[in-house]
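Raw my_file_14.cif, mmCIF, C-alpha atoms:
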data_coords
#
loop_
_atom_site.group_PDB
_atom_site.id
_atom_site.type_symbol
_atom_site.label_atom_id
_atom_site.label_comp_id
_atom_site.auth_asym_id
_atom_site.auth_seq_id
_atom_site.Cartn_x
_atom_site.Cartn_y
_atom_site.Cartn_z
ATOM 1 C CA MET Z 30 -106.794 -241.947 62.368
ATOM 2 C CA THR Z 31 -110.359 -241.305 63.345
ATOM 3 C CA PHE Z 32 -111.549 -243.485 66.190
ATOM 4 C CA GLN Z 33 -114.619 -242.877 68.264
ATOM 5 C CA SER Z 34 -116.383 -243.956 71.405
ATOM 6 C CA ASN Z 35 -119.757 -243.003 72.832
ATOM 7 C CA GLN Z 36 -118.549 -239.611 74.053
ATOM 8 C CA ILE Z 37 -115.587 -238.620 71.846
ATOM 9 C CA TYR Z 38 -113.781 -239.018 68.586
ATOM 10 C CA ILE Z 39 -110.106 -238.488 67.872
ATOM 11 C CA ARG Z 40 -108.788 -236.725 64.780
ATOM 12 C CA GLU Z 41 -105.334 -235.818 63.511
ATOM 13 C CA ALA Z 42 -104.066 -232.427 64.656
ATOM 14 C CA THR Z 43 -102.825 -229.700 62.340
ATOM 15 C CA ASN Z 44 -100.690 -226.595 62.790
ATOM 16 C CA ASN Z 45 -103.942 -224.702 63.413
ATOM 17 C CA ASP Z 46 -104.435 -226.707 66.635
ATOM 18 C CA ILE Z 47 -101.147 -225.700 68.263
ATOM 19 C CA GLY Z 48 -102.560 -222.622 70.018
ATOM 20 C CA TYR Z 49 -105.311 -224.764 71.507
ATOM 21 C CA MET Z 50 -102.795 -227.348 72.734
ATOM 22 C CA ILE Z 51 -100.626 -224.680 74.369
ATOM 23 C CA ASN Z 52 -103.678 -223.310 76.200
ATOM 24 C CA VAL Z 53 -104.607 -226.777 77.482
ATOM 25 C CA GLU Z 54 -101.032 -227.456 78.634
ATOM 26 C CA ASN Z 55 -100.856 -224.173 80.502
ATOM 27 C CA SER Z 56 -104.178 -224.531 82.318
ATOM 28 C CA GLU Z 57 -103.971 -224.465 86.108
ATOM 29 C CA GLU Z 58 -105.124 -228.078 86.290
ATOM 30 C CA ASN Z 59 -102.651 -229.476 83.742
ATOM 31 C CA LYS Z 60 -99.506 -227.401 84.203
ATOM 32 C CA PRO Z 61 -98.338 -229.069 87.455
ATOM 33 C CA HIS Z 62 -98.404 -232.494 85.797
ATOM 34 C CA ILE Z 63 -96.608 -231.735 82.533
ATOM 35 C CA LEU Z 64 -93.816 -229.567 81.211
ATOM 36 C CA PRO Z 65 -95.567 -227.303 78.706
ATOM 37 C CA TRP Z 66 -93.884 -226.931 75.341
ATOM 38 C CA THR Z 67 -93.324 -223.787 73.320
ATOM 39 C CA GLU Z 68 -95.092 -223.193 70.025
ATOM 40 C CA GLU Z 69 -91.801 -223.895 68.258
ATOM 41 C CA GLN Z 70 -91.414 -227.278 70.021
ATOM 42 C CA HIS Z 71 -94.935 -228.270 69.007
ATOM 43 C CA ARG Z 72 -94.491 -227.147 65.383
ATOM 44 C CA LYS Z 73 -91.238 -229.077 65.067
ATOM 45 C CA THR Z 74 -92.569 -232.255 66.688
ATOM 46 C CA LEU Z 75 -95.821 -232.132 64.703
ATOM 47 C CA GLN Z 76 -93.794 -232.333 61.485
ATOM 48 C CA GLU Z 77 -91.631 -235.273 62.590
ATOM 49 C CA GLU Z 78 -92.303 -238.581 60.864
ATOM 50 C CA ASP Z 79 -91.953 -240.347 64.225
ATOM 51 C CA SER Z 80 -94.715 -238.311 65.935
ATOM 52 C CA TYR Z 81 -98.493 -238.401 65.822
ATOM 53 C CA TYR Z 82 -100.562 -235.475 67.135
ATOM 54 C CA LEU Z 83 -104.247 -236.033 67.851
ATOM 55 C CA ILE Z 84 -107.136 -233.867 68.994
ATOM 56 C CA ILE Z 85 -109.877 -235.270 71.223
ATOM 57 C CA VAL Z 86 -113.309 -233.934 70.262
ATOM 58 C CA GLU Z 87 -116.530 -234.215 72.239
ATOM 59 C CA LYS Z 88 -119.190 -235.642 69.922
ATOM 60 C CA VAL Z 89 -122.244 -233.798 71.229
ATOM 61 C CA THR Z 90 -120.731 -230.307 71.043
ATOM 62 C CA ASN Z 91 -118.049 -230.997 68.387
ATOM 63 C CA ARG Z 92 -115.701 -229.083 70.699
ATOM 64 C CA ASN Z 93 -112.025 -229.874 71.284
ATOM 65 C CA VAL Z 94 -111.616 -231.273 74.794
ATOM 66 C CA GLY Z 95 -107.986 -232.415 74.811
ATOM 67 C CA PHE Z 96 -105.054 -233.691 72.827
ATOM 68 C CA ILE Z 97 -102.587 -236.540 72.579
ATOM 69 C CA ILE Z 98 -98.996 -236.777 71.393
ATOM 70 C CA LEU Z 99 -97.569 -240.156 70.407
ATOM 71 C CA ARG Z 100 -94.016 -240.970 69.357
ATOM 72 C CA GLY Z 101 -92.311 -244.060 68.084
ATOM 73 C CA LEU Z 102 -94.016 -244.489 64.730
ATOM 74 C CA THR Z 103 -90.658 -245.297 63.140
ATOM 75 C CA ASN Z 104 -89.398 -247.379 66.079
ATOM 76 C CA THR Z 105 -88.208 -250.760 64.764
ATOM 77 C CA ASN Z 106 -88.949 -252.270 68.186
ATOM 78 C CA LYS Z 107 -92.659 -251.446 67.694
ATOM 79 C CA GLY Z 108 -92.823 -249.357 70.865
ATOM 80 C CA ILE Z 109 -95.179 -246.380 70.973
ATOM 81 C CA GLU Z 110 -94.646 -243.667 73.576
ATOM 82 C CA LEU Z 111 -97.660 -241.822 74.911
ATOM 83 C CA VAL Z 112 -95.804 -238.526 75.265
ATOM 84 C CA ARG Z 113 -98.797 -236.512 76.388
ATOM 85 C CA ILE Z 114 -102.488 -236.793 77.007
ATOM 86 C CA ALA Z 115 -103.957 -233.509 78.213
ATOM 87 C CA ILE Z 116 -107.660 -233.100 78.941
ATOM 88 C CA GLU Z 117 -109.399 -229.763 79.547
ATOM 89 C CA GLU Z 118 -112.000 -230.881 82.079
ATOM 90 C CA LYS Z 119 -111.220 -233.721 84.458
ATOM 91 C CA GLY Z 120 -113.692 -236.188 85.933
ATOM 92 C CA LYS Z 121 -115.875 -236.734 82.842
ATOM 93 C CA GLY Z 122 -114.228 -239.962 81.697
ATOM 94 C CA ILE Z 123 -112.828 -238.331 78.568
ATOM 95 C CA GLY Z 124 -109.229 -239.221 79.384
ATOM 96 C CA LYS Z 125 -110.118 -242.853 80.015
ATOM 97 C CA GLU Z 126 -112.079 -243.088 76.752
ATOM 98 C CA ALA Z 127 -109.240 -241.436 74.836
ATOM 99 C CA LEU Z 128 -106.720 -243.828 76.392
ATOM 100 C CA ASN Z 129 -108.857 -246.795 75.349
ATOM 101 C CA LEU Z 130 -109.020 -245.498 71.773
ATOM 102 C CA ILE Z 131 -105.237 -245.056 71.775
ATOM 103 C CA LYS Z 132 -104.803 -248.633 72.979
ATOM 104 C CA ILE Z 133 -107.075 -249.890 70.179
ATOM 105 C CA TRP Z 134 -105.072 -247.938 67.596
ATOM 106 C CA THR Z 135 -101.701 -248.944 69.076
ATOM 107 C CA PHE Z 136 -102.303 -252.681 69.296
ATOM 108 C CA ASN Z 137 -104.970 -253.406 66.661
ATOM 109 C CA SER Z 138 -104.309 -250.920 63.855
ATOM 110 C CA TYR Z 139 -100.647 -250.012 64.234
ATOM 111 C CA LYS Z 140 -99.719 -253.500 65.496
ATOM 112 C CA ALA Z 141 -97.281 -252.194 68.106
ATOM 113 C CA HIS Z 142 -95.726 -254.473 70.680
ATOM 114 C CA ARG Z 143 -95.545 -251.958 73.534
ATOM 115 C CA LEU Z 144 -97.276 -248.754 74.643
ATOM 116 C CA TRP Z 145 -95.353 -246.841 77.280
ATOM 117 C CA LEU Z 146 -95.354 -243.508 79.077
ATOM 118 C CA ASP Z 147 -93.811 -241.598 81.900
ATOM 119 C CA VAL Z 148 -95.849 -239.813 84.525
ATOM 120 C CA LYS Z 149 -94.862 -237.537 87.388
ATOM 121 C CA THR Z 150 -94.876 -239.503 90.631
ATOM 122 C CA ASP Z 151 -97.218 -237.015 92.301
ATOM 123 C CA ASN Z 152 -99.878 -237.330 89.573
ATOM 124 C CA LYS Z 153 -101.923 -239.848 91.561
ATOM 125 C CA ARG Z 154 -105.070 -239.491 89.418
ATOM 126 C CA ALA Z 155 -103.232 -240.408 86.206
ATOM 127 C CA ILE Z 156 -101.275 -243.240 87.844
ATOM 128 C CA THR Z 157 -104.514 -244.763 89.152
ATOM 129 C CA ILE Z 158 -106.107 -244.601 85.694
ATOM 130 C CA TYR Z 159 -103.053 -246.124 83.997
ATOM 131 C CA LYS Z 160 -102.969 -249.005 86.485
ATOM 132 C CA LYS Z 161 -106.708 -249.660 86.031
ATOM 133 C CA GLU Z 162 -106.134 -249.666 82.275
ATOM 134 C CA GLY Z 163 -103.534 -252.424 82.549
ATOM 135 C CA PHE Z 164 -100.269 -250.478 82.609
ATOM 136 C CA THR Z 165 -97.441 -251.897 84.716
ATOM 137 C CA LEU Z 166 -95.059 -249.728 86.711
ATOM 138 C CA GLU Z 167 -91.587 -250.499 85.342
ATOM 139 C CA GLY Z 168 -89.547 -248.192 87.512
ATOM 140 C CA THR Z 169 -88.894 -244.676 88.688
ATOM 141 C CA LEU Z 170 -86.568 -242.101 87.210
ATOM 142 C CA ARG Z 171 -85.623 -240.368 90.436
ATOM 143 C CA GLU Z 172 -85.404 -236.578 90.437
ATOM 144 C CA CYS Z 173 -84.871 -236.488 86.668
ATOM 145 C CA LEU Z 174 -86.838 -233.283 85.997
ATOM 146 C CA ARG Z 175 -85.699 -229.879 87.138
ATOM 147 C CA VAL Z 176 -88.741 -227.753 87.832
ATOM 148 C CA GLY Z 177 -87.772 -224.346 89.125
ATOM 149 C CA ASN Z 178 -85.438 -224.919 92.071
ATOM 150 C CA THR Z 179 -86.579 -228.480 92.772
ATOM 151 C CA TYR Z 180 -86.356 -231.872 91.120
ATOM 152 C CA GLU Z 181 -89.263 -234.194 90.364
ATOM 153 C CA SER Z 182 -89.381 -237.913 89.649
ATOM 154 C CA LEU Z 183 -91.127 -239.867 86.897
ATOM 155 C CA HIS Z 184 -92.646 -243.344 86.885
ATOM 156 C CA VAL Z 185 -92.232 -245.326 83.668
ATOM 157 C CA MET Z 186 -95.280 -247.473 82.904
ATOM 158 C CA SER Z 187 -96.091 -249.766 79.991
ATOM 159 C CA LEU Z 188 -98.638 -252.100 78.494
ATOM 160 C CA LEU Z 189 -97.579 -254.962 76.215
ATOM 161 C CA LYS Z 190 -99.585 -256.282 73.267
ATOM 162 C CA HIS Z 191 -100.280 -259.680 74.860
ATOM 163 C CA GLU Z 192 -101.361 -257.994 78.121
ATOM 164 C CA TYR Z 193 -103.776 -255.792 76.188
ATOM 165 C CA HIS Z 194 -105.248 -258.724 74.275
ATOM 166 C CA ASN Z 195 -105.555 -260.854 77.448
ATOM 167 C CA ARG Z 196 -107.646 -258.192 79.252
#

As a first step, turn the structure in this file into structure tokens.
Amino acid sequence: MTFQSNQIYIREATNNDIGYMINVENSEENKPHILPWTEEQHRKTLQEEDSYYLIIVEKVTNRNVGFIILRGLTNTNKGIELVRIAIEEKGKGIGKEALNLIKIWTFNSYKAHRLWLDVKTDNKRAITIYKKEGFTLEGTLRECLRVGNTYESLHVMSLLKHEYHNR
């Protein structure tokens, strides 16, 4: 897959990108909102037939600015999970552009029926973006993540093919 917008393009990731992805996950801005994976977890998942790893590249500088992990490529129900979208610098619209490119790929190229994700309930910025982009809150997985000595909750959100095409 190589999709592009005015500001970015998205390319397939390789094993050489794993160090970059780990650094982005562990940044001060991203770490509270995700559970960073080990190098081994990334290497294993990158090789799975069901997964799709993508790097977001800024066109002007040709610099990596984030990454995306999708799962569900072998799902007979045609549901794609947006496992992770991690952006280096917030507030530039890169995440929104990347999400739009993922929606185009999911519904127009891959012909999926459903794009879904989970997001920590305290990640207000991401939740706002997902809602603006047409995702519906399906429910909350209460205190399902153990983070240190506390538990955190996740919202499950989705966008269906007909909702995407009606927007």

- Task: In the coordinate frame of the file, compute which residues have an atom within 12 Å of (-112.7, -230.8, 81.5) when using all atoms listed in the file, and state them as number ranges by chain.
- Result: Z: 53, 56-59, 85-87, 92-96, 115-124

- Task: Name all residues at most 7 Å from segment 135-145 of chain Z (count all atoms listed in the file; drop same-chain ones fewer than 6 positions away) and give them as a PyMOL selection string.
- Result: chain Z and resi 107-111+186-190

- Test item: residues at most 12 Å from segment 171-173 of chain Z, all atoms listed in the file, excluding those fewer than 2 positions along its chain, as a list in words: Asp147, Val148, Lys149, Thr150, Asp151, Gly168, Thr169, Arg175, Val176, Asn178, Thr179, Tyr180, Glu181, Ser182, Leu183, His184 and Val185 of chain Z

- Message: I'd like the interatomic distance between atom CA of Arg72 of chain Z and atom CA of Ile39 of chain Z, to a tenth of an Å.
- Response: 19.5 Å

Once 3 Å is added on each side, what centre and edge lengths in Å to one decimal does the axis-aligned box around all listed atoms of segment 153-164 of chain Z have, as JSON?
{"center_x": -103.5, "center_y": -246.0, "center_z": 86.9, "size_x": 12.4, "size_y": 18.9, "size_z": 15.3}

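Coordinates place atom CA of Leu174 of chain Z at a distance of 9.2 Å from atom CA of Leu64 of chain Z.
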
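Closest approach to Ile156 of chain Z among Z:Leu99, Z:His62, Z:Asn106, Z:Glu41 is made by Z:His62 (distances from all atoms listed in the file).
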
- Task: With the file shown as input, list the residues that the PyMOL selection byres ((chain Z and resi 128) around 10) selects, as number ranges by chain.
- Result: Z: 97, 111, 114, 122-127, 129-134, 158-159, 162

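Counting only C-alpha atoms, the residue from Z:Val112, Z:Asn104, Z:Tyr193, Z:Gly177 that sits nearest to Leu146 of chain Z is Z:Val112.
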
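Of the residues under consideration (Z:Thr31, Z:Gly163, Z:Thr67, Z:Pro61), Z:Thr67 shows the shortest atom-to-atom contact distance to Gly48 of chain Z when counting all atoms listed in the file.
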
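Atom pair atom CA of Arg154 of chain Z / atom CA of Thr74 of chain Z: separated by 26.9 Å.
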
- Residues selected by the PyMOL selection byres ((chain Z and resi 88) around 7), written as a PyMOL selection string: chain Z and resi 36-38+86-87+89-91

- Chain and number of each residue from the PyMOL selection byres ((chain Z and resi 71) around 12), as a PyMOL selection string: chain Z and resi 42-51+54+65-70+72-77+80-82+97-98+113
